[in-house]
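Next comes final33.txt, a file with compact mmCIF, C-alpha atoms.
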# COMPACT_ATOMS: atom_id res chain seq x y z
CA MET E 188 87.63 86.02 118.23
CA ALA E 189 88.53 82.49 117.37
CA ASP E 190 89.68 80.40 114.47
CA ARG E 191 87.88 77.09 114.89
CA ARG E 192 89.18 75.26 111.85
CA GLY E 193 90.44 72.65 114.30
CA LYS E 194 86.88 72.30 115.57
CA ARG E 195 85.37 71.15 112.29
CA ALA E 196 85.97 67.59 113.49
CA LEU E 197 85.01 68.31 117.09
CA ALA E 198 81.83 66.28 117.14
CA THR E 199 83.55 63.35 115.43
CA ALA E 200 86.53 63.54 117.77
CA LEU E 201 84.38 63.75 120.86
CA GLY E 202 82.31 60.85 119.60
CA ALA E 203 85.50 58.82 119.29
CA VAL E 204 86.40 59.69 122.87
CA SER E 205 82.93 58.56 123.91
CA VAL E 206 83.53 55.17 122.35
CA MET E 207 86.87 54.80 124.06
CA VAL E 208 85.67 55.62 127.54
CA SER E 209 81.98 54.77 127.37
CA GLY E 210 81.00 53.03 130.55
CA LEU E 211 84.21 54.10 132.29
CA VAL E 212 83.65 57.79 132.93
CA THR E 213 80.50 58.81 134.77
CA LEU E 214 79.56 61.64 137.08
CA PRO E 215 79.33 61.08 140.82
CA ALA E 216 75.78 60.61 142.07
CA GLY E 217 73.91 63.90 142.09
CA GLN E 218 76.39 65.97 140.12
CA ALA E 219 74.44 65.74 136.87
CA GLY E 220 71.74 67.80 138.57
CA ALA E 221 74.03 69.86 140.76
CA ALA E 222 72.69 73.13 139.36
CA ALA E 223 69.25 74.02 138.13
CA ALA E 224 69.15 75.19 134.53
CA ALA E 225 69.19 78.98 134.31
CA CYS E 226 67.46 78.97 130.91
CA THR E 227 65.16 76.99 128.70
CA TRP E 228 67.36 76.99 125.64
CA ARG E 229 65.54 77.40 122.32
CA LYS E 230 67.17 76.30 119.09
CA THR E 231 67.46 78.28 115.86
CA VAL E 232 69.03 76.61 112.82
CA TRP E 233 70.96 79.12 110.74
CA ASP E 234 70.29 79.64 107.06
CA LEU E 235 72.32 77.95 104.35
CA PRO E 236 72.85 79.36 100.83
CA ALA E 237 70.71 77.97 98.04
CA GLY E 238 72.01 74.56 96.99
CA ALA E 239 74.07 73.95 100.15
CA ASP E 240 73.02 71.33 102.69
CA VAL E 241 75.81 71.41 105.30
CA GLY E 242 77.87 74.05 107.03
CA THR E 243 80.63 74.54 109.59
CA LEU E 244 81.68 77.53 111.68
CA ASP E 245 85.19 78.89 112.11
CA GLY E 246 84.77 82.30 113.74
CA TYR E 247 82.11 84.15 115.76
CA ASP E 248 82.21 87.65 117.20
CA GLY E 249 80.12 86.87 120.28
CA ASP E 250 77.05 88.73 119.10
CA ARG E 251 76.29 89.14 115.39
CA TRP E 252 78.84 88.02 112.82
CA ALA E 253 80.16 84.53 112.05
CA VAL E 254 82.21 82.88 109.30
CA GLY E 255 82.56 79.30 108.18
CA ILE E 256 82.09 76.98 105.22
CA THR E 257 78.98 75.82 103.41
CA GLY E 258 78.63 73.17 100.73
CA ASN E 259 77.29 69.71 100.07
CA ARG E 260 77.67 66.39 101.85
CA ALA E 261 80.40 64.20 100.46
CA TRP E 262 79.25 60.80 99.26
CA MET E 263 81.37 59.17 101.95
CA GLY E 264 82.64 60.46 105.28
CA GLU E 265 82.25 63.88 106.87
CA GLY E 266 83.76 65.90 104.04
CA ILE E 267 82.20 68.88 102.24
CA VAL E 268 82.19 69.27 98.47
CA ASN E 269 81.59 72.58 96.69
CA ALA E 270 82.97 74.18 99.85
CA ARG E 271 82.72 77.97 99.91
CA GLY E 272 83.56 80.50 102.60
CA THR E 273 80.41 81.99 104.09
CA LEU E 274 79.59 85.00 106.28
CA TRP E 275 76.49 85.10 108.48
CA ASP E 276 74.79 88.13 110.00
CA ASN E 277 72.55 87.06 112.90
CA GLY E 278 72.17 83.62 111.35
CA LYS E 279 71.36 84.92 107.86
CA VAL E 280 73.77 84.43 104.97
CA ALA E 281 75.41 87.77 104.17
CA LEU E 282 78.07 86.45 101.76
CA ARG E 283 79.04 83.20 100.13
CA VAL E 284 82.20 83.48 98.05
CA SER E 285 81.97 82.26 94.49
CA ASP E 286 84.96 79.90 94.51
CA GLU E 287 87.09 77.81 96.87
CA ILE E 288 89.04 80.96 97.73
CA PRO E 289 89.25 83.29 99.50
CA HIS E 290 89.10 81.36 102.74
CA LEU E 291 87.22 83.21 105.48
CA ASN E 292 89.00 82.46 108.76
CA ASP E 293 87.63 84.89 111.34
CA VAL E 294 85.45 87.96 111.90
CA ASN E 295 85.22 90.59 114.64
CA ALA E 296 82.43 92.69 116.13
CA SER E 297 82.87 95.35 113.43
CA GLY E 298 82.29 92.73 110.74
CA LEU E 299 85.95 92.77 109.66
CA VAL E 300 86.59 89.45 107.89
CA VAL E 301 90.11 88.04 107.55
CA GLY E 302 91.47 85.06 105.68
CA ASP E 303 93.71 84.14 102.79
CA THR E 304 93.67 83.74 99.03
CA ILE E 305 96.13 82.69 96.32
CA VAL E 306 98.24 85.20 94.42
CA GLY E 307 100.95 83.93 92.10
CA ASN E 308 100.70 80.34 93.39
CA GLU E 309 101.20 81.48 96.98
CA PHE E 310 98.76 81.95 99.83
CA VAL E 311 98.61 85.55 101.04
CA ALA E 312 96.73 87.13 103.93
CA VAL E 313 93.71 89.28 103.09
CA THR E 314 90.77 91.13 104.53
CA VAL E 315 87.47 90.43 102.77
CA ASP E 316 84.68 92.93 102.14
CA HIS E 317 81.08 91.80 102.50
CA ASP E 318 80.75 91.71 98.71
CA GLY E 319 83.70 89.28 98.48
CA THR E 320 86.34 91.83 97.45
CA THR E 321 89.75 91.03 98.95
CA HIS E 322 92.50 93.38 100.12
CA ARG E 323 96.00 91.97 100.47
CA LEU E 324 97.81 92.54 103.74
CA PRO E 325 101.50 93.47 103.52
CA GLY E 326 104.09 90.75 103.90
CA ASP E 327 107.77 89.93 103.54
CA PRO E 328 108.82 88.67 100.06
CA ALA E 329 110.94 86.06 101.84
CA TRP E 330 107.82 84.37 103.18
CA ASP E 331 106.70 81.27 101.30
CA ASP E 332 103.04 81.75 102.28
CA TYR E 333 101.11 83.72 104.86
CA SER E 334 97.57 83.85 106.19
CA ALA E 335 95.39 86.03 108.43
CA ASP E 336 93.91 83.61 110.96
CA LEU E 337 92.42 85.73 113.77
CA VAL E 338 91.08 89.24 114.33
CA SER E 339 90.41 90.90 117.67
CA ASP E 340 87.55 93.27 118.35
CA ASN E 341 89.96 96.21 118.32
CA GLY E 342 90.97 95.29 114.76
CA ASP E 343 94.38 93.72 115.35
CA ILE E 344 94.89 90.88 112.85
CA VAL E 345 96.99 87.84 113.77
CA GLY E 346 98.29 85.26 111.34
CA THR E 347 101.10 82.94 110.42
CA ALA E 348 103.83 83.07 107.80
CA THR E 349 105.81 80.07 106.58
CA VAL E 350 109.54 80.41 105.96
CA ASN E 351 111.54 77.30 105.06
CA LEU E 352 108.80 75.07 106.51
CA LYS E 353 108.84 76.97 109.82
CA SER E 354 105.92 79.01 111.17
CA ARG E 355 106.20 82.62 112.28
CA VAL E 356 103.43 84.56 114.03
CA VAL E 357 102.58 87.90 112.42
CA VAL E 358 100.49 90.80 113.74
CA TRP E 359 98.98 93.52 111.56
CA PRO E 360 98.14 96.20 114.17
CA ALA E 361 94.93 98.18 113.78
CA GLY E 362 96.72 101.29 115.03
CA ALA E 363 99.31 101.22 112.25
CA PRO E 364 97.60 100.27 108.97
CA GLY E 365 99.91 98.98 106.27
CA THR E 366 102.47 97.67 108.75
CA TYR E 367 103.16 94.33 110.39
CA ARG E 368 105.45 92.87 113.00
CA VAL E 369 106.75 89.34 113.44
CA LEU E 370 106.55 87.96 116.96
CA PRO E 371 109.30 85.81 118.39
CA THR E 372 107.94 82.35 117.67
CA PRO E 373 108.83 78.94 119.13
CA ASP E 374 110.88 76.81 116.76
CA VAL E 375 108.22 74.23 115.96
CA GLY E 376 107.24 72.32 112.86
CA TYR E 377 103.53 72.89 113.46
CA LEU E 378 101.72 75.90 114.91
CA HIS E 379 97.96 76.48 114.82
CA LEU E 380 96.62 79.81 116.10
CA GLN E 381 93.41 79.22 118.02
CA ASP E 382 92.17 82.48 119.57
CA VAL E 383 93.03 86.07 120.48
CA ASP E 384 91.44 88.23 123.17
CA ALA E 385 90.74 91.95 123.22
CA GLN E 386 94.04 92.70 124.99
CA GLY E 387 96.10 90.87 122.34
CA ARG E 388 96.80 87.59 124.13
CA ILE E 389 97.12 84.72 121.67
CA ILE E 390 96.70 81.00 122.24
CA ALA E 391 98.12 78.37 119.91
CA GLN E 392 98.78 74.67 119.62
CA GLY E 393 102.29 73.59 118.70
CA ASP E 394 103.64 70.18 117.81
CA SER E 395 103.94 67.40 120.39
CA SER E 396 107.27 68.68 121.66
CA VAL E 397 105.70 71.98 122.74
CA GLY E 398 101.93 71.51 123.14
CA GLY E 399 99.66 74.39 124.06
CA LEU E 400 101.06 77.94 124.12
CA VAL E 401 99.91 81.37 125.26
CA TRP E 402 101.36 84.74 124.22
CA ASP E 403 100.82 87.20 127.04
CA THR E 404 100.89 91.00 126.97
CA ASP E 405 104.47 90.96 128.34
CA GLY E 406 105.60 89.69 124.93
CA GLN E 407 106.48 86.10 125.79
CA TRP E 408 105.23 82.68 124.77
CA ARG E 409 104.68 80.19 127.57
CA LYS E 410 103.69 76.54 127.56
CA LEU E 411 100.44 75.59 129.20
CA ALA E 412 101.02 73.57 132.35
CA SER E 413 100.03 69.90 132.48
CA ASN E 414 100.14 69.23 128.73
CA GLY E 415 97.08 71.24 127.77
CA THR E 416 95.33 72.07 124.51
CA PRO E 417 93.85 75.62 124.52
CA TRP E 418 90.50 76.38 122.88
CA ALA E 419 89.54 79.90 123.98
CA VAL E 420 90.99 82.98 125.70
CA ARG E 421 89.16 85.99 127.10
CA ASP E 422 90.49 88.72 129.39
CA GLY E 423 93.52 86.61 130.21
CA ARG E 424 91.63 83.41 131.05
CA VAL E 425 92.52 80.38 128.95
CA VAL E 426 90.33 77.27 128.75
CA GLY E 427 90.75 73.96 127.01
CA GLY E 428 91.55 70.36 127.84
CA LEU E 429 94.28 68.21 129.34
CA ASN E 430 95.63 65.80 126.79
CA ASP E 431 96.62 63.04 129.20
CA THR E 432 93.43 62.82 131.25
CA ASP E 433 90.55 63.99 129.00
CA ALA E 434 89.76 66.70 131.56
CA ALA E 435 88.60 70.26 130.92
CA ALA E 436 90.88 72.91 132.42
CA GLU E 437 91.51 76.61 132.98
CA TRP E 438 94.87 78.42 132.91
CA THR E 439 96.20 81.91 133.56
CA ALA E 440 97.62 84.09 130.77
CA ARG E 441 101.07 82.96 131.94
CA GLY E 442 100.16 79.29 131.40
CA GLY E 443 99.66 78.34 135.05
CA LEU E 444 96.98 75.73 135.72
CA VAL E 445 94.10 77.23 137.72
CA ARG E 446 91.86 74.18 137.95
CA THR E 447 90.55 71.14 136.21
CA VAL E 448 86.83 71.41 135.62
CA GLY E 449 84.35 68.92 137.01
CA SER E 450 84.31 65.16 136.93
CA GLY E 451 83.76 63.63 133.51
CA ALA E 452 84.62 66.87 131.69
CA VAL E 453 86.28 66.36 128.32
CA ASN E 454 86.95 69.89 127.08
CA ALA E 455 86.25 73.55 127.77
CA THR E 456 85.66 75.28 124.45
CA ALA E 457 84.25 78.75 125.16
CA ILE E 458 84.19 81.67 127.61
CA GLY E 459 81.23 84.04 127.86
CA GLY E 460 81.36 87.76 128.48
CA ASN E 461 80.58 87.29 132.19
CA GLY E 462 83.10 84.51 132.74
CA THR E 463 80.95 81.42 132.29
CA VAL E 464 82.83 78.53 130.65
CA GLY E 465 81.21 76.22 128.12
CA GLY E 466 82.28 72.79 126.99
CA HIS E 467 81.42 69.10 127.02
CA ARG E 468 81.23 66.39 129.69
CA PHE E 469 79.99 62.87 130.12
CA VAL E 470 76.67 62.31 131.85
CA ASN E 471 76.04 58.60 132.37
CA SER E 472 78.46 57.86 129.51
CA GLN E 473 76.69 60.26 127.12
CA LEU E 474 78.65 63.26 125.94
CA ARG E 475 76.72 66.50 126.43
CA PRO E 476 77.34 70.28 126.29
CA VAL E 477 77.50 72.03 129.66
CA LEU E 478 78.21 75.39 131.30
CA TRP E 479 80.51 75.88 134.30
CA ARG E 480 81.32 78.72 136.69
CA ASN E 481 84.37 78.47 138.93
CA GLY E 482 84.74 74.83 137.95
CA VAL E 483 81.21 73.87 139.03
CA VAL E 484 78.28 73.08 136.74
CA SER E 485 76.10 76.20 136.48
CA ASP E 486 73.73 74.89 133.79
CA PRO E 487 73.58 71.25 132.63
CA LEU E 488 71.94 72.38 129.36
CA SER E 489 69.33 69.67 129.72
CA THR E 490 67.17 71.21 126.98
CA VAL E 491 70.06 71.30 124.49
CA ALA E 492 70.63 68.34 122.16
CA SER E 493 73.46 66.01 123.11
CA GLY E 494 74.79 66.24 119.55
CA PHE E 495 75.30 70.01 119.75
CA ALA E 496 79.01 70.93 119.58
CA LEU E 497 79.25 74.09 121.71
CA ASP E 498 81.94 76.29 120.20
CA TRP E 499 81.09 79.78 121.53
CA LEU E 500 79.14 81.59 124.23
CA GLY E 501 77.65 84.98 123.37
CA ASN E 502 79.05 88.05 125.05
CA ASP E 503 75.89 88.33 127.16
CA GLU E 504 75.89 84.56 127.81
CA GLN E 505 72.33 84.32 126.50
CA THR E 506 73.39 82.57 123.28
CA LEU E 507 75.20 79.30 122.57
CA VAL E 508 76.68 78.91 119.07
CA GLY E 509 78.01 75.80 117.38
CA VAL E 510 77.16 72.99 114.98
CA GLU E 511 74.51 70.30 115.25
CA SER E 512 73.71 67.68 112.60
CA ARG E 513 76.21 69.43 110.33
CA ARG E 514 74.33 72.74 110.45
CA PRO E 515 75.28 75.99 112.22
CA VAL E 516 72.92 76.36 115.15
CA GLU E 517 72.32 78.72 118.05
CA TYR E 518 70.45 78.21 121.30
CA ASP E 519 68.99 81.28 122.98
CA CYS E 520 68.00 81.67 126.60
CA GLY E 521 64.22 81.59 126.95

As structure tokens, please, write out the structure in this file.
Amino acid sequence: MADRRGKRALATALGAVSVMVSGLVTLPAGQAGAAAAACTWRKTVWDLPAGADVGTLDGYDGDRWAVGITGNRAWMGEGIVNARGTLWDNGKVALRVSDEIPHLNDVNASGLVVGDTIVGNEFVAVTVDHDGTTHRLPGDPAWDDYSADLVSDNGDIVGTATVNLKSRVVVWPAGAPGTYRVLPTPDVGYLHLQDVDAQGRIIAQGDSSVGGLVWDTDGQWRKLASNGTPWAVRDGRVVGGLNDTDAAAEWTARGGLVRTVGSGAVNATAIGGNGTVGGHRFVNSQLRPVLWRNGVVSDPLSTVASGFALDWLGNDEQTLVGVESRRPVEYDCG
């Protein structure tokens, strides 16, 4: 499962990259059509609650459940007013919270929603029922604030606690309800948890002195090689982008660089259940979503809109999920 709060600005950020390198980065002749499309992808725009006209996505379970934010377009810019956490069930709104809190940060295949709310002027980690009822997760009174950011399909919840302006990674294990453990955490001023896989590996982005990080099952944090930013992890495979070269990349669970992905690739953002990698690349200076296998284009997604920000691949790799024109959208294999 993944916390994609950092992806709310993905389309804007990628558009900015397009402006910077437009006309400079193109695919070698023939590569744009290197692989025939495996599917004719058919778009479904997800529902929005009554009165809302925009939405973002923050977490998706790979099959059914998703969480994000819905609200109204700000008068200026890309902001959202009247923002409310929202839960979708197969693209239909199952819950929209009644106020700005609780925040809904992630959801797993069992429909377990995690996030945070405010108690006594402090943020605290919670699980959220599908009627909006919250249940506080245990924490240390010495923490200034804490949040539940990710949840794996086995029910392990991962979050961060702040102590004296420093971040600490916290796990609430599914096998020991009512308990938590604090992981050894790099001494950084900024730490954003990005994803967790079924085996408990965690990827995160630290400040500029550290960069991308992966927590492996041996209980250690390691930096991603070659100054990388991680976006997704599944079964020990990490994908993301290289900060210095605007190239998509794959790493091992120990942070070793496996490969950079394709010419003109900007970022790898998703991994499907069968190992296909999704992301974005330039085709004749236009940024487009794409699927790769083993570093080679497996589907150029020619029937998918160029403005679609591909955030997740379904477990069966028959569904693409993301945001297009400021609406949650899925494309299904036809």

Which residue is closest to Trp275 (chain E)? Choose from E:Gly451, E:Pro236, E:Gly258, E:Gly302 and count all atoms listed in the file.
E:Pro236

Hey, what's within 12 Å of Asn430 (chain E) if we count all atoms listed in the file and toss same-chain stuff fewer than 3 positions away? As number ranges by chain, please?
E: 204, 392, 395, 398-399, 411-417, 427, 433-436, 447, 453-454

Tell me which protein, DNA and RNA residues are within 12 Å of Val345 (chain E), counting all atoms listed in the file, leaving out same-chain ones fewer than 3 positions away, and put them as a PyMOL selection string.
chain E and resi 188-190+292-294+301-302+312-314+324+333-342+348+355-361+367-370+379-384+387-391+402

Computed interatomic separation between CA of Ile256 (chain E) and CA of Gly346 (chain E) (Å)
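CA of Gly346 (chain E) lies 19.2 Å from CA of Ile256 (chain E).
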
Pull the neighbourhood of (74.7, 63.7, 125.3) for me: all residues within 7 Å in file coordinates, counting only C-alpha atoms, as a PyMOL selection string.
chain E and resi 470+473-475+492-494

For region 349-360 of chain E, supply all heavy atoms and report the output as a PDB file, in the frame of the given file.
ATOM      1  N   THR E 349     104.943  81.242 106.683  1.00  0.00           N
ATOM      2  CA  THR E 349     105.810  80.070 106.580  1.00  0.00           C
ATOM      3  C   THR E 349     107.104  80.463 105.880  1.00  0.00           C
ATOM      4  O   THR E 349     107.075  81.056 104.799  1.00  0.00           O
ATOM      5  CB  THR E 349     105.120  78.944 105.801  1.00  0.00           C
ATOM      6  OG1 THR E 349     103.881  78.628 106.429  1.00  0.00           O
ATOM      7  CG2 THR E 349     105.992  77.699 105.763  1.00  0.00           C
ATOM      8  N   VAL E 350     108.214  80.135 106.521  1.00  0.00           N
ATOM      9  CA  VAL E 350     109.540  80.410 105.960  1.00  0.00           C
ATOM     10  C   VAL E 350     110.366  79.153 106.129  1.00  0.00           C
ATOM     11  O   VAL E 350     110.624  78.706 107.252  1.00  0.00           O
ATOM     12  CB  VAL E 350     110.234  81.589 106.675  1.00  0.00           C
ATOM     13  CG1 VAL E 350     111.561  81.900 105.987  1.00  0.00           C
ATOM     14  CG2 VAL E 350     109.339  82.815 106.711  1.00  0.00           C
ATOM     15  N   ASN E 351     110.739  78.535 105.010  1.00  0.00           N
ATOM     16  CA  ASN E 351     111.540  77.300 105.060  1.00  0.00           C
ATOM     17  C   ASN E 351     110.897  76.252 105.966  1.00  0.00           C
ATOM     18  O   ASN E 351     111.553  75.649 106.812  1.00  0.00           O
ATOM     19  CB  ASN E 351     112.970  77.606 105.518  1.00  0.00           C
ATOM     20  CG  ASN E 351     113.711  78.506 104.561  1.00  0.00           C
ATOM     21  OD1 ASN E 351     113.527  78.419 103.341  1.00  0.00           O
ATOM     22  ND2 ASN E 351     114.536  79.403 105.098  1.00  0.00           N
ATOM     23  N   LEU E 352     109.589  76.075 105.800  1.00  0.00           N
ATOM     24  CA  LEU E 352     108.800  75.070 106.510  1.00  0.00           C
ATOM     25  C   LEU E 352     108.639  75.371 107.999  1.00  0.00           C
ATOM     26  O   LEU E 352     108.172  74.523 108.763  1.00  0.00           O
ATOM     27  CB  LEU E 352     109.392  73.667 106.323  1.00  0.00           C
ATOM     28  CG  LEU E 352     109.513  73.189 104.864  1.00  0.00           C
ATOM     29  CD1 LEU E 352     110.123  71.788 104.828  1.00  0.00           C
ATOM     30  CD2 LEU E 352     108.163  73.214 104.162  1.00  0.00           C
ATOM     31  N   LYS E 353     109.005  76.570 108.429  1.00  0.00           N
ATOM     32  CA  LYS E 353     108.840  76.970 109.820  1.00  0.00           C
ATOM     33  C   LYS E 353     107.766  78.068 109.910  1.00  0.00           C
ATOM     34  O   LYS E 353     107.675  78.925 109.033  1.00  0.00           O
ATOM     35  CB  LYS E 353     110.153  77.492 110.411  1.00  0.00           C
ATOM     36  CG  LYS E 353     111.260  76.451 110.482  1.00  0.00           C
ATOM     37  CD  LYS E 353     110.939  75.351 111.487  1.00  0.00           C
ATOM     38  CE  LYS E 353     112.115  74.388 111.630  1.00  0.00           C
ATOM     39  NZ  LYS E 353     111.813  73.305 112.598  1.00  0.00           N
ATOM     40  N   SER E 354     106.988  78.026 110.989  1.00  0.00           N
ATOM     41  CA  SER E 354     105.920  79.010 111.170  1.00  0.00           C
ATOM     42  C   SER E 354     106.413  80.216 111.952  1.00  0.00           C
ATOM     43  O   SER E 354     107.199  80.080 112.894  1.00  0.00           O
ATOM     44  CB  SER E 354     104.744  78.378 111.927  1.00  0.00           C
ATOM     45  OG  SER E 354     104.143  77.350 111.167  1.00  0.00           O
ATOM     46  N   ARG E 355     105.930  81.391 111.566  1.00  0.00           N
ATOM     47  CA  ARG E 355     106.200  82.620 112.280  1.00  0.00           C
ATOM     48  C   ARG E 355     104.861  83.325 112.518  1.00  0.00           C
ATOM     49  O   ARG E 355     104.016  83.380 111.625  1.00  0.00           O
ATOM     50  CB  ARG E 355     107.135  83.534 111.490  1.00  0.00           C
ATOM     51  CG  ARG E 355     108.537  82.949 111.287  1.00  0.00           C
ATOM     52  CD  ARG E 355     109.281  82.871 112.604  1.00  0.00           C
ATOM     53  NE  ARG E 355     110.602  82.260 112.474  1.00  0.00           N
ATOM     54  CZ  ARG E 355     110.879  80.987 112.727  1.00  0.00           C
ATOM     55  NH1 ARG E 355     109.899  80.180 113.110  1.00  0.00           N
ATOM     56  NH2 ARG E 355     112.082  80.514 112.597  1.00  0.00           N
ATOM     57  N   VAL E 356     104.664  83.865 113.710  1.00  0.00           N
ATOM     58  CA  VAL E 356     103.430  84.560 114.030  1.00  0.00           C
ATOM     59  C   VAL E 356     103.566  86.021 113.650  1.00  0.00           C
ATOM     60  O   VAL E 356     104.557  86.678 113.999  1.00  0.00           O
ATOM     61  CB  VAL E 356     103.075  84.408 115.518  1.00  0.00           C
ATOM     62  CG1 VAL E 356     101.798  85.185 115.851  1.00  0.00           C
ATOM     63  CG2 VAL E 356     102.897  82.937 115.875  1.00  0.00           C
ATOM     64  N   VAL E 357     102.554  86.535 112.942  1.00  0.00           N
ATOM     65  CA  VAL E 357     102.580  87.900 112.420  1.00  0.00           C
ATOM     66  C   VAL E 357     101.370  88.659 112.949  1.00  0.00           C
ATOM     67  O   VAL E 357     100.272  88.107 113.034  1.00  0.00           O
ATOM     68  CB  VAL E 357     102.550  87.903 110.874  1.00  0.00           C
ATOM     69  CG1 VAL E 357     102.663  89.327 110.334  1.00  0.00           C
ATOM     70  CG2 VAL E 357     103.654  87.018 110.309  1.00  0.00           C
ATOM     71  N   VAL E 358     101.581  89.932 113.311  1.00  0.00           N
ATOM     72  CA  VAL E 358     100.490  90.800 113.740  1.00  0.00           C
ATOM     73  C   VAL E 358     100.436  92.017 112.830  1.00  0.00           C
ATOM     74  O   VAL E 358     101.457  92.670 112.604  1.00  0.00           O
ATOM     75  CB  VAL E 358     100.667  91.252 115.205  1.00  0.00           C
ATOM     76  CG1 VAL E 358      99.575  92.252 115.595  1.00  0.00           C
ATOM     77  CG2 VAL E 358     100.644  90.052 116.148  1.00  0.00           C
ATOM     78  N   TRP E 359      99.233  92.294 112.311  1.00  0.00           N
ATOM     79  CA  TRP E 359      98.980  93.520 111.560  1.00  0.00           C
ATOM     80  C   TRP E 359      98.180  94.429 112.491  1.00  0.00           C
ATOM     81  O   TRP E 359      96.951  94.246 112.659  1.00  0.00           O
ATOM     82  CB  TRP E 359      98.194  93.228 110.292  1.00  0.00           C
ATOM     83  CG  TRP E 359      98.964  92.464 109.249  1.00  0.00           C
ATOM     84  CD1 TRP E 359      99.718  92.981 108.250  1.00  0.00           C
ATOM     85  CD2 TRP E 359      99.040  91.037 109.109  1.00  0.00           C
ATOM     86  NE1 TRP E 359     100.266  91.976 107.485  1.00  0.00           N
ATOM     87  CE2 TRP E 359      99.866  90.766 107.995  1.00  0.00           C
ATOM     88  CE3 TRP E 359      98.495  89.962 109.815  1.00  0.00           C
ATOM     89  CZ2 TRP E 359     100.139  89.467 107.570  1.00  0.00           C
ATOM     90  CZ3 TRP E 359      98.770  88.670 109.407  1.00  0.00           C
ATOM     91  CH2 TRP E 359      99.586  88.429 108.302  1.00  0.00           C
ATOM     92  N   PRO E 360      98.829  95.417 113.138  1.00  0.00           N
ATOM     93  CA  PRO E 360      98.140  96.200 114.170  1.00  0.00           C
ATOM     94  C   PRO E 360      97.121  97.173 113.586  1.00  0.00           C
ATOM     95  O   PRO E 360      97.388  97.846 112.575  1.00  0.00           O
ATOM     96  CB  PRO E 360      99.282  96.949 114.866  1.00  0.00           C
ATOM     97  CG  PRO E 360     100.375  97.007 113.844  1.00  0.00           C
ATOM     98  CD  PRO E 360     100.252  95.766 113.011  1.00  0.00           C
TER      99      PRO E 360
END
